[in-house]
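Visitor: Next comes upload-v8.csv, CSV, C-alpha atoms and all ligand atoms:
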```csv
chain,number,residue,atom,x,y,z
A,23,MET,CA,0.0,0.0,0.0
A,24,PHE,CA,1.1,3.6,-0.8
A,25,PRO,CA,0.1,6.3,1.7
A,26,VAL,CA,-0.6,9.7,0.2
A,27,SER,CA,-1.5,12.7,2.3
A,28,LEU,CA,-3.8,15.4,0.8
A,29,ARG,CA,-4.3,18.7,2.6
A,30,PHE,CA,-6.5,21.5,1.3
A,31,GLN,CA,-4.8,24.8,1.5
A,32,ASP,CA,-6.2,27.8,-0.2
A,33,THR,CA,-3.5,30.4,0.0
A,34,TYR,CA,0.3,30.8,0.4
A,35,ALA,CA,-0.1,32.3,3.8
A,36,PRO,CA,3.2,31.3,5.4
A,37,GLU,CA,2.0,30.0,8.8
A,38,ASP,CA,-0.8,28.0,7.2
A,39,VAL,CA,1.5,26.5,4.6
A,40,LYS,CA,3.9,25.5,7.3
A,41,LYS,CA,1.2,23.8,9.3
A,42,GLY,CA,-0.1,22.0,6.3
A,43,ILE,CA,3.3,20.6,5.3
A,44,ASP,CA,4.1,19.6,8.9
A,45,ALA,CA,0.8,17.7,8.9
A,46,ILE,CA,1.7,16.0,5.6
A,47,PHE,CA,5.2,15.0,6.9
A,48,ARG,CA,3.6,13.6,10.1
A,49,ASP,CA,0.9,11.8,8.0
A,50,ALA,CA,3.1,10.1,5.4
A,51,TRP,CA,6.9,10.4,6.1
A,52,ARG,CA,8.2,7.5,8.3
A,53,GLY,CA,11.6,9.2,8.5
A,54,TYR,CA,10.3,12.6,9.7
A,55,ARG,CA,10.6,12.0,13.4
A,56,ALA,CA,14.0,10.3,12.8
A,57,LEU,CA,15.6,13.5,11.4
A,58,ARG,CA,18.6,14.4,13.5
A,59,HIS,CA,20.5,17.5,14.4
A,60,GLY,CA,23.2,18.1,11.7
A,61,ASP,CA,21.5,15.9,9.0
A,62,THR,CA,22.2,17.4,5.5
A,63,VAL,CA,19.1,17.6,3.4
A,64,LEU,CA,18.8,18.3,-0.4
A,65,VAL,CA,15.6,20.0,-1.5
A,66,LYS,CA,14.7,19.9,-5.2
A,67,PRO,CA,12.0,22.3,-6.3
A,68,ASN,CA,10.7,22.8,-9.8
A,69,GLY,CA,13.1,25.4,-11.2
A,70,LEU,CA,12.1,25.3,-14.8
A,71,SER,CA,12.9,28.9,-15.8
A,72,ALA,CA,13.4,32.3,-14.4
A,73,LYS,CA,9.7,33.4,-13.8
A,74,PRO,CA,8.1,35.1,-10.8
A,75,PRO,CA,6.2,33.0,-8.3
A,76,GLU,CA,2.8,34.2,-9.6
A,77,ALA,CA,3.4,32.7,-13.0
A,78,ALA,CA,3.1,29.2,-11.4
A,79,VAL,CA,6.1,27.9,-13.4
A,80,THR,CA,8.2,27.1,-10.4
A,81,THR,CA,7.5,25.7,-6.9
A,82,HIS,CA,6.1,28.6,-4.8
A,83,PRO,CA,8.7,30.1,-2.4
A,84,ALA,CA,6.2,29.9,0.5
A,85,VAL,CA,6.1,26.1,0.1
A,86,LEU,CA,9.9,25.9,-0.2
A,87,GLU,CA,10.3,28.1,2.8
A,88,ALA,CA,7.9,26.0,4.9
A,89,VAL,CA,9.9,22.9,4.0
A,90,THR,CA,13.2,24.6,4.8
A,91,GLN,CA,11.9,26.0,8.1
A,92,LEU,CA,10.6,22.6,9.3
A,93,LEU,CA,13.9,21.0,8.4
A,94,CYS,CA,15.9,23.8,10.2
A,95,ASP,CA,13.6,23.4,13.2
A,96,HIS,CA,15.0,19.8,13.4
A,97,GLY,CA,18.5,21.2,13.2
A,98,CYS,CA,19.1,20.0,9.6
A,99,LYS,CA,21.4,21.8,7.1
A,100,VAL,CA,19.5,22.5,3.9
A,101,ALA,CA,20.6,23.0,0.3
A,102,ILE,CA,18.3,23.8,-2.6
A,103,GLY,CA,19.2,22.6,-6.0
A,104,ASP,CA,18.1,22.0,-9.6
A,105,SER,CA,19.2,22.0,-13.2
A,106,PRO,CA,17.0,24.1,-15.5
A,107,ALA,CA,17.1,23.2,-19.2
A,108,LEU,CA,19.1,26.3,-20.3
A,109,GLN,CA,19.6,28.8,-17.5
A,110,LYS,CA,21.7,28.6,-14.4
A,111,PHE,CA,19.7,27.6,-11.3
A,112,SER,CA,21.1,30.6,-9.5
A,113,THR,CA,19.3,32.9,-12.1
A,114,VAL,CA,16.1,31.0,-11.7
A,115,ALA,CA,16.4,31.0,-7.9
A,116,ARG,CA,16.7,34.8,-7.9
A,117,LYS,CA,13.6,35.4,-9.9
A,118,ALA,CA,11.5,32.6,-8.3
A,119,GLY,CA,12.1,33.9,-4.8
A,120,PHE,CA,14.3,30.9,-3.7
A,121,GLU,CA,17.5,32.9,-3.2
A,122,ARG,CA,15.9,35.2,-0.6
A,123,LEU,CA,14.6,32.4,1.5
A,124,ALA,CA,17.8,30.5,1.2
A,125,ARG,CA,19.7,33.4,2.7
A,126,ARG,CA,17.2,33.6,5.6
A,127,TYR,CA,17.9,30.0,6.6
A,128,SER,CA,21.6,29.9,5.5
A,129,ALA,CA,20.7,27.3,2.9
A,130,ARG,CA,23.0,26.8,-0.1
A,131,ILE,CA,21.8,27.2,-3.6
A,132,LEU,CA,23.2,24.4,-5.7
A,133,GLU,CA,23.7,23.9,-9.4
A,134,PHE,CA,23.0,20.3,-10.4
A,135,ASP,CA,26.2,19.9,-12.4
A,136,ASP,CA,29.1,17.4,-12.3
A,137,PRO,CA,27.4,14.4,-13.9
A,138,VAL,CA,27.9,10.9,-12.5
A,139,GLU,CA,26.5,7.6,-13.8
A,140,ILE,CA,24.1,5.5,-11.7
A,141,ALA,CA,22.7,2.1,-12.7
A,142,GLY,CA,19.1,1.8,-13.9
A,143,PRO,CA,16.8,-0.5,-12.0
A,144,ASP,CA,17.2,-4.3,-12.0
A,145,GLY,CA,15.4,-5.7,-15.0
A,146,GLY,CA,14.7,-2.2,-16.3
A,147,MET,CA,14.9,-1.0,-19.9
A,148,PHE,CA,17.6,1.6,-19.2
A,149,ARG,CA,21.0,0.4,-18.2
A,150,ALA,CA,22.2,3.7,-16.6
A,151,PHE,CA,21.4,7.4,-16.1
A,152,GLU,CA,23.7,10.4,-15.8
A,153,ILE,CA,22.6,12.5,-12.9
A,154,SER,CA,24.2,15.3,-10.9
A,155,ARG,CA,26.6,14.1,-8.3
A,156,ARG,CA,24.9,16.6,-5.9
A,157,CYS,CA,21.9,14.2,-5.7
A,158,LEU,CA,24.0,11.6,-4.0
A,159,GLU,CA,25.8,13.8,-1.5
A,160,PHE,CA,23.1,14.4,1.2
A,161,ASP,CA,21.7,12.4,4.1
A,162,ARG,CA,18.1,13.1,2.9
A,163,PHE,CA,16.6,14.2,-0.4
A,164,ILE,CA,13.2,15.9,-0.7
A,165,ASN,CA,11.5,16.4,-4.0
A,166,VAL,CA,9.2,19.5,-4.0
A,167,ALA,CA,7.3,19.5,-7.3
A,168,LYS,CA,4.8,21.8,-8.9
A,169,PHE,CA,1.4,20.7,-10.2
A,170,LYS,CA,1.4,21.7,-13.9
A,171,THR,CA,0.3,20.6,-17.3
A,172,HIS,CA,3.0,19.4,-19.8
A,173,SER,CA,2.6,19.6,-23.5
A,174,MET,CA,4.4,16.3,-24.2
A,175,MET,CA,3.5,14.3,-21.1
A,176,GLY,CA,0.1,15.6,-20.1
A,177,LEU,CA,1.0,16.6,-16.6
A,178,THR,CA,4.3,17.2,-14.8
A,179,LEU,CA,4.1,16.2,-11.1
A,180,CYS,CA,6.5,14.4,-8.8
A,181,VAL,CA,8.0,11.8,-11.1
A,182,LYS,CA,8.6,14.3,-14.0
A,183,ASN,CA,10.2,16.8,-11.6
A,184,LEU,CA,13.1,14.5,-11.0
A,185,PHE,CA,14.2,14.8,-14.6
A,186,GLY,CA,15.9,18.0,-13.3
A,187,CYS,CA,18.5,15.7,-11.6
A,188,VAL,CA,19.9,15.1,-15.1
A,189,PRO,CA,22.3,18.0,-15.7
A,190,GLY,CA,21.4,20.8,-18.2
A,191,LYS,CA,21.6,19.9,-21.8
A,192,ARG,CA,22.0,16.2,-21.1
A,193,LYS,CA,18.2,16.2,-20.9
A,194,ALA,CA,18.1,17.0,-24.6
A,195,ALA,CA,20.0,13.8,-25.4
A,196,TRP,CA,17.2,11.8,-23.8
A,197,HIS,CA,14.6,13.6,-25.9
A,198,LEU,CA,16.6,12.9,-29.0
A,199,ALA,CA,17.2,9.2,-28.1
A,200,ILE,CA,13.6,8.5,-27.3
A,201,GLY,CA,12.0,10.8,-29.9
A,202,GLU,CA,8.2,11.1,-30.1
A,203,ASP,CA,7.3,8.0,-28.0
A,204,ARG,CA,5.8,9.5,-24.9
A,205,ARG,CA,5.1,6.1,-23.4
A,206,LEU,CA,8.8,5.2,-23.6
A,207,PHE,CA,9.7,8.7,-22.3
A,208,GLY,CA,7.4,8.0,-19.3
A,209,ARG,CA,9.2,4.6,-18.8
A,210,MET,CA,12.5,6.4,-18.7
A,211,LEU,CA,11.2,8.9,-16.2
A,212,ALA,CA,9.7,6.2,-14.0
A,213,GLU,CA,13.0,4.2,-14.0
A,214,LEU,CA,15.0,7.3,-13.2
A,215,ALA,CA,12.7,8.1,-10.3
A,216,ALA,CA,13.0,4.5,-9.1
A,217,VAL,CA,16.8,4.7,-8.7
A,218,LEU,CA,17.1,8.2,-7.2
A,219,PRO,CA,17.6,8.2,-3.4
A,220,VAL,CA,14.6,10.4,-2.7
A,221,ASP,CA,13.1,10.2,0.9
A,222,PHE,CA,9.9,12.2,0.4
A,223,HIS,CA,7.9,13.9,-2.3
A,224,LEU,CA,5.7,17.0,-2.0
A,225,LEU,CA,3.5,18.5,-4.6
A,226,ASP,CA,2.6,22.2,-4.7
A,227,GLY,CA,-0.9,22.5,-6.1
A,228,ILE,CA,-2.1,25.5,-4.2
A,229,VAL,CA,-1.8,27.4,-7.4
A,230,ALA,CA,-1.3,25.0,-10.3
A,231,MET,CA,-0.9,25.5,-14.0
A,232,GLU,CA,-3.4,24.4,-16.6
A,233,GLY,CA,-3.5,24.9,-20.4
A,234,ASN,CA,-0.2,24.8,-22.4
A,235,GLY,CA,2.3,24.2,-19.6
A,236,PRO,CA,4.8,23.7,-18.2
A,237,GLY,CA,6.3,27.1,-19.1
A,238,ASN,CA,3.4,29.1,-20.6
A,239,GLY,CA,0.2,27.8,-19.2
A,240,THR,CA,-2.5,29.6,-17.0
A,241,PRO,CA,-2.2,29.7,-13.2
A,242,THR,CA,-5.3,28.2,-11.5
A,243,ASN,CA,-6.2,27.9,-7.9
A,244,LEU,CA,-6.6,24.2,-6.9
A,245,GLY,CA,-5.8,24.7,-3.2
A,246,VAL,CA,-4.1,21.4,-2.6
A,247,LEU,CA,-0.8,20.1,-1.2
A,248,LEU,CA,0.1,16.4,-1.5
A,249,GLY,CA,2.9,14.3,-0.1
A,250,GLY,CA,4.1,10.8,0.3
A,251,GLU,CA,7.1,8.5,-0.1
A,252,ASN,CA,6.0,7.1,-3.4
A,253,ALA,CA,6.1,9.6,-6.3
A,254,PRO,CA,3.8,7.7,-8.8
A,255,ALA,CA,1.2,7.2,-6.1
A,256,ILE,CA,1.1,11.0,-5.4
A,257,ASP,CA,0.9,11.6,-9.2
A,258,ALA,CA,-2.0,9.2,-9.5
A,259,VAL,CA,-4.0,11.0,-6.7
A,260,ALA,CA,-3.2,14.3,-8.3
A,261,ALA,CA,-4.3,13.1,-11.8
A,262,ARG,CA,-7.6,11.9,-10.4
A,263,LEU,CA,-8.1,15.4,-8.7
A,264,VAL,CA,-8.2,17.0,-12.2
A,265,GLY,CA,-10.2,14.2,-13.9
A,266,VAL,CA,-7.3,12.4,-15.5
A,267,ASN,CA,-7.1,8.6,-15.4
A,268,PRO,CA,-3.6,7.7,-14.1
A,269,GLY,CA,-3.4,5.0,-16.7
A,270,GLU,CA,-3.3,7.7,-19.4
A,271,LEU,CA,-0.3,9.4,-17.7
A,272,PRO,CA,2.9,7.7,-19.2
A,273,THR,CA,4.8,8.1,-15.9
A,274,CYS,CA,2.1,6.4,-13.8
A,275,ALA,CA,1.5,3.7,-16.4
A,276,ALA,CA,5.2,2.9,-16.5
A,277,ALA,CA,5.6,2.9,-12.8
A,278,SER,CA,2.8,0.4,-12.4
A,279,GLU,CA,4.3,-1.7,-15.2
A,280,ILE,CA,7.7,-2.0,-13.5
A,281,GLY,CA,6.2,-2.4,-10.0
A,282,THR,CA,7.4,0.9,-8.5
A,283,GLY,CA,4.0,2.5,-8.2
A,284,PRO,CA,0.4,1.5,-7.7
A,285,SER,CA,-1.5,-0.3,-10.4
A,286,ALA,CA,-5.0,0.5,-9.0
A,287,ASP,CA,-6.5,3.2,-6.8
A,288,ASP,CA,-7.2,0.7,-4.0
A,289,GLU,CA,-3.4,0.3,-3.6
A,290,ILE,CA,-3.2,3.9,-2.3
A,291,THR,CA,-4.0,4.7,1.3
A,292,PRO,CA,-5.4,8.2,1.4
A,293,VAL,CA,-4.5,10.2,4.6
A,294,GLY,CA,-5.2,13.8,5.6
A,295,ASP,CA,-8.3,15.6,4.3
A,296,PRO,CA,-11.1,13.5,2.7
A,297,PRO,CA,-10.8,13.5,-1.1
A,298,LEU,CA,-13.1,15.5,-3.4
A,299,ALA,CA,-16.4,14.0,-4.6
A,300,SER,CA,-15.8,15.3,-8.1
A,301,PRO,CA,-12.7,16.5,-10.0
A,302,PHE,CA,-11.7,20.1,-10.4
A,303,PRO,CA,-12.4,21.5,-13.9
A,304,PHE,CA,-8.9,21.7,-15.5
A,305,GLY,CA,-7.6,22.5,-19.0
A,306,LEU,CA,-5.1,20.1,-20.5
A,307,PRO,CA,-2.5,21.1,-23.1
A,308,ASP,CA,-3.6,21.1,-26.8
A,309,PRO,CA,-1.3,18.2,-27.9
A,310,THR,CA,-2.4,16.0,-24.9
A,311,ARG,CA,-6.1,16.6,-25.7
A,312,THR,CA,-5.4,15.4,-29.3
A,313,ASP,CA,-3.2,12.5,-28.3
A,314,TRP,CA,-5.5,11.1,-25.6
A,315,GLY,CA,-8.5,11.6,-27.9
A,316,LEU,CA,-7.1,9.4,-30.7
A,317,PRO,CA,-8.5,6.0,-31.2
A,318,GLY,CA,-6.2,3.1,-30.2
A,319,PHE,CA,-5.3,2.1,-33.8
A,320,LEU,CA,-3.9,5.6,-34.5
A,321,LYS,CA,-1.7,5.8,-31.5
A,322,GLY,CA,1.2,4.1,-33.2
A,323,THR,CA,3.2,5.4,-36.1
A,324,LEU,CA,0.3,7.4,-37.5
A,325,ARG,CA,0.1,9.5,-34.3
A,326,ARG,CA,2.7,11.9,-35.5
A,327,PHE,CA,0.5,13.1,-38.4
A,328,PHE,CA,-2.3,14.0,-36.0
A,329,LEU,CA,-0.3,15.6,-33.2
A,330,PRO,CA,0.0,19.4,-33.5
A,331,PHE,CA,3.4,20.7,-34.6
A,332,PRO,CA,5.1,23.8,-33.1
A,333,ALA,CA,5.0,27.1,-35.1
A,334,VAL,CA,6.3,30.6,-34.3
A,335,ASN,CA,4.0,33.5,-33.7
A,336,THR,CA,6.2,36.1,-35.3
A,337,LYS,CA,4.3,39.0,-33.6
A,338,ARG,CA,5.4,37.7,-30.2
A,339,CYS,CA,8.8,36.4,-31.0
A,340,VAL,CA,11.7,38.5,-29.8
A,341,GLY,CA,14.4,36.5,-31.5
A,342,CYS,CA,16.1,35.3,-28.3
A,343,LEU,CA,16.8,31.9,-29.9
A,344,LEU,CA,16.3,29.9,-26.7
A,345,CYS,CA,14.0,27.6,-28.7
A,346,ARG,CA,16.9,26.9,-31.1
A,347,ASP,CA,19.3,26.2,-28.3
A,348,VAL,CA,17.0,23.8,-26.5
A,349,CYS,CA,15.7,21.9,-29.6
A,350,PRO,CA,17.2,18.3,-29.3
A,351,ALA,CA,16.5,17.6,-33.0
A,352,GLY,CA,18.2,20.6,-34.4
A,353,ALA,CA,14.9,21.5,-36.1
A,354,ILE,CA,15.1,25.2,-35.4
A,355,SER,CA,17.2,27.8,-37.2
A,356,GLU,CA,17.4,31.5,-37.7
A,357,ARG,CA,16.8,32.7,-41.3
A,358,GLU,CA,16.8,36.3,-42.2
A,359,LYS,CA,16.1,37.4,-38.6
A,360,THR,CA,13.1,35.1,-38.2
A,361,VAL,CA,12.9,31.7,-36.5
A,362,PHE,CA,12.2,28.8,-38.8
A,363,ILE,CA,11.1,25.3,-37.7
A,364,GLN,CA,11.8,22.3,-40.0
A,365,ILE,CA,8.8,20.1,-39.2
A,366,SER,CA,10.2,17.0,-40.9
A,367,ARG,CA,12.9,17.0,-38.2
A,368,CYS,CA,10.6,17.8,-35.3
A,369,ILE,CA,10.1,15.0,-32.7
A,370,ARG,CA,7.1,16.8,-31.0
A,371,CYS,CA,8.9,17.1,-27.6
A,372,TYR,CA,7.6,20.7,-27.3
A,373,CYS,CA,10.8,21.7,-25.4
A,374,CYS,CA,10.8,24.9,-27.6
A,375,GLN,CA,7.3,25.8,-26.2
A,376,GLU,CA,8.5,25.0,-22.7
A,377,VAL,CA,11.4,27.4,-22.7
A,378,CYS,CA,10.0,30.3,-24.9
A,379,PRO,CA,9.9,33.3,-22.6
A,380,GLU,CA,7.3,35.1,-24.8
A,381,ASP,CA,4.8,32.3,-25.3
A,382,ALA,CA,5.6,32.7,-29.0
A,383,ILE,CA,5.5,28.9,-29.9
A,384,VAL,CA,2.0,27.9,-30.8
A,385,PHE,CA,0.5,24.6,-31.9
A,386,ARG,CA,-0.8,24.0,-35.4
A,387,ARG,CA,-2.5,20.9,-36.7
A,388,ARG,CA,-1.6,19.5,-40.1
A,389,LEU,CA,-4.8,17.5,-40.7
A,390,PHE,CA,-7.4,19.0,-38.3
A,391,SER,CA,-7.2,22.6,-39.5
A,401,LIG,S1,12.2,31.2,-27.7
A,401,LIG,FE1,10.4,32.2,-28.3
A,401,LIG,S2,10.9,34.4,-28.4
A,401,LIG,FE2,12.8,33.3,-28.4
A,401,LIG,S3,13.3,33.0,-30.6
A,401,LIG,FE3,12.2,31.2,-30.0
A,401,LIG,S4,10.0,31.7,-30.5
A,401,LIG,FE4,11.2,33.6,-30.5
A,402,LIG,S1,11.0,22.0,-32.9
A,402,LIG,FE1,10.3,22.1,-30.8
A,402,LIG,S2,8.9,20.3,-30.6
A,402,LIG,FE2,10.1,20.0,-32.5
A,402,LIG,S3,11.9,18.8,-31.8
A,402,LIG,FE3,12.5,21.0,-31.7
A,402,LIG,S4,12.1,21.5,-29.5
A,402,LIG,FE4,11.0,19.6,-30.0
```
Just dump the structure as structure tokens.
Guide:
Amino acid sequence: MFPVSLRFQDTYAPEDVKKGIDAIFRDAWRGYRALRHGDTVLVKPNGLSAKPPEAAVTTHPAVLEAVTQLLCDHGCKVAIGDSPALQKFSTVARKAGFERLARRYSARILEFDDPVEIAGPDGGMFRAFEISRRCLEFDRFINVAKFKTHSMMGLTLCVKNLFGCVPGKRKAAWHLAIGEDRRLFGRMLAELAAVLPVDFHLLDGIVAMEGNGPGNGTPTNLGVLLGGENAPAIDAVAARLVGVNPGELPTCAAASEIGTGPSADDEITPVGDPPLASPFPFGLPDPTRTDWGLPGFLKGTLRRFFLPFPAVNTKRCVGCLLCRDVCPAGAISEREKTVFIQISRCIRCYCCQEVCPEDAIVFRRRLFS
């Protein structure tokens, strides 16, 4: 059985957030009371890109502060780390409000660099992963994810947040190696999550992101915090909260397949507040709505002809070329001061849409429009 704690929390009022997270730790973290003075703890937020907290792109600083404060109350030494796709984490930390709170609690801000190889799970599909050495250097590791939509994967929750342990541009190599197969990408993420030494996972869904996330969606108040020791179980509960069948989420489906997560709702023990009677209304990303709506016989090789492809809204584009720099397939180039996407090379990973600071990457359909 997988215990998952759910707490309703409407706002980021610091005292209430701290109380809610303390309750979640007590509900669902067996190691909470065993924390010792002097323990070193690594906290990994969602640090996707340098956006202010109200954009809901990154874990809210009030959640991160409550976690840091509770750990410091136990005498722990905290470090906050991540590896954004393109920027330095210190840049993201400044804009997202992490740096200020880190200073307040003498916590270090860490770049997830210095790659080291760790073995994949026994009997897994992936032999090894390159992760940042920092992820192996602490007594405890807490994953503090953000509840968001994700154009390729549907939702990004606790399992997907751990992809940030793969340093910088090495993430692009995974996209290129796996291509368009989101089921296989989910399998890779589930296997990575299974071998990382994470003690506890928290999910910040007080203000979540719907629409075309994870970088340019719409903030929406869900008013929930979730936590537990098993990331796929938390993700399954979170998916149900917004009306998504966990079996449709590639990460949850893969975790259930390899036995590292629940394969049915009755394998999850709900603790904390009673669950909702009906799901929150919630907007999924355009490509996900298309993909999940396709009949089974089209979900194979023909899928790529139905999935939307990225296009540039030239009125919004400022020519920063971050999309070109992140594109794992080398499908984006600059031609006569405009950005050009070569669709025949595109693997529909939507990384360009994820990093565009101006929301200038839009989705177009080849056959449906
Ligand atoms: S990332 Fe966005 S704004 Fe920057 S060049 Fe690409 S489309 Fe234009
Ligand atoms: S153009 Fe965009 S969606 Fe296509 S491969 Fe490049 S980053 Fe991925």
Visitor: Which one of A:Val188, A:Ile354, A:Ile200, A:Ala382 sits closest to ligand LIG 402 (chain A) if you count all atoms listed in the file?
Guide: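 Using all atoms listed in the file, ligand LIG 402 (chain A) sits closest to A:Ile354.
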Visitor: Rounded to one decimal, what separation in Å do you get between atom CA of Ile365 of chain A and atom CA of Glu202 of chain A?
Guide: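 Result for atom CA of Ile365 of chain A versus atom CA of Glu202 of chain A: 12.8 Å, one decimal.
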Visitor: Using all atoms listed in the file, what are the residues with an atom within 10 Å of ligand LIG 401 (chain A), set out as a PDB file with C-alpha atoms, in the frame of the given file?
Guide:
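Saved file part_30.pdb follows:
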```
ATOM      1  CA  PRO A 332       5.100  23.800 -33.100  1.00  0.00           C
ATOM      2  CA  ALA A 333       5.000  27.100 -35.100  1.00  0.00           C
ATOM      3  CA  VAL A 334       6.300  30.600 -34.300  1.00  0.00           C
ATOM      4  CA  ASN A 335       4.000  33.500 -33.700  1.00  0.00           C
ATOM      5  CA  THR A 336       6.200  36.100 -35.300  1.00  0.00           C
ATOM      6  CA  LYS A 337       4.300  39.000 -33.600  1.00  0.00           C
ATOM      7  CA  ARG A 338       5.400  37.700 -30.200  1.00  0.00           C
ATOM      8  CA  CYS A 339       8.800  36.400 -31.000  1.00  0.00           C
ATOM      9  CA  VAL A 340      11.700  38.500 -29.800  1.00  0.00           C
ATOM     10  CA  GLY A 341      14.400  36.500 -31.500  1.00  0.00           C
ATOM     11  CA  CYS A 342      16.100  35.300 -28.300  1.00  0.00           C
ATOM     12  CA  LEU A 343      16.800  31.900 -29.900  1.00  0.00           C
ATOM     13  CA  LEU A 344      16.300  29.900 -26.700  1.00  0.00           C
ATOM     14  CA  CYS A 345      14.000  27.600 -28.700  1.00  0.00           C
ATOM     15  CA  ARG A 346      16.900  26.900 -31.100  1.00  0.00           C
ATOM     16  CA  ASP A 347      19.300  26.200 -28.300  1.00  0.00           C
ATOM     17  CA  VAL A 348      17.000  23.800 -26.500  1.00  0.00           C
ATOM     18  CA  CYS A 349      15.700  21.900 -29.600  1.00  0.00           C
ATOM     19  CA  ILE A 354      15.100  25.200 -35.400  1.00  0.00           C
ATOM     20  CA  SER A 355      17.200  27.800 -37.200  1.00  0.00           C
ATOM     21  CA  GLU A 356      17.400  31.500 -37.700  1.00  0.00           C
ATOM     22  CA  LYS A 359      16.100  37.400 -38.600  1.00  0.00           C
ATOM     23  CA  THR A 360      13.100  35.100 -38.200  1.00  0.00           C
ATOM     24  CA  VAL A 361      12.900  31.700 -36.500  1.00  0.00           C
ATOM     25  CA  PHE A 362      12.200  28.800 -38.800  1.00  0.00           C
ATOM     26  CA  ILE A 363      11.100  25.300 -37.700  1.00  0.00           C
ATOM     27  CA  CYS A 373      10.800  21.700 -25.400  1.00  0.00           C
ATOM     28  CA  CYS A 374      10.800  24.900 -27.600  1.00  0.00           C
ATOM     29  CA  GLN A 375       7.300  25.800 -26.200  1.00  0.00           C
ATOM     30  CA  GLU A 376       8.500  25.000 -22.700  1.00  0.00           C
ATOM     31  CA  VAL A 377      11.400  27.400 -22.700  1.00  0.00           C
ATOM     32  CA  CYS A 378      10.000  30.300 -24.900  1.00  0.00           C
ATOM     33  CA  PRO A 379       9.900  33.300 -22.600  1.00  0.00           C
ATOM     34  CA  GLU A 380       7.300  35.100 -24.800  1.00  0.00           C
ATOM     35  CA  ASP A 381       4.800  32.300 -25.300  1.00  0.00           C
ATOM     36  CA  ALA A 382       5.600  32.700 -29.000  1.00  0.00           C
ATOM     37  CA  ILE A 383       5.500  28.900 -29.900  1.00  0.00           C
ATOM     38  CA  VAL A 384       2.000  27.900 -30.800  1.00  0.00           C
TER      39      VAL A 384
END
```
Visitor: Neighbours of segment 44-54 of chain A within 7 Å (all atoms listed in the file; same-chain residues fewer than 5 positions away dropped), as a ChimeraX atom specification?
Guide: /A:25-27,222,249-251,293-294
Visitor: Using all atoms listed in the file, which residue out of A:Asn267, A:Ser173, A:Ser285, A:Thr312 lies closest to ligand LIG 402 (chain A)?
Guide: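 Result for the nearest residue to ligand LIG 402 (chain A): A:Ser173.
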Visitor: Considering only C-alpha atoms, return as an mmCIF file with C-alpha atoms, in the coordinates of the input whatever protein or nucleic-acid residues lie within 6 Å of Asn68 of chain A, sequence-local ones (same chain, fewer than 6 positions apart) excluded.
Guide:
```cif
data_model
loop_
_atom_site.group_PDB
_atom_site.id
_atom_site.type_symbol
_atom_site.label_atom_id
_atom_site.label_comp_id
_atom_site.auth_asym_id
_atom_site.auth_seq_id
_atom_site.Cartn_x
_atom_site.Cartn_y
_atom_site.Cartn_z
ATOM 1 C CA THR A 80 8.200 27.100 -10.400
ATOM 2 C CA THR A 81 7.500 25.700 -6.900
ATOM 3 C CA ALA A 167 7.300 19.500 -7.300
#
```
Visitor: Between atom CA of Pro36 of chain A and atom CA of Thr178 of chain A, measure the distance and give it in Å to one decimal.
Guide: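 About the pair atom CA of Pro36 of chain A and atom CA of Thr178 of chain A: they are 24.7 Å apart.
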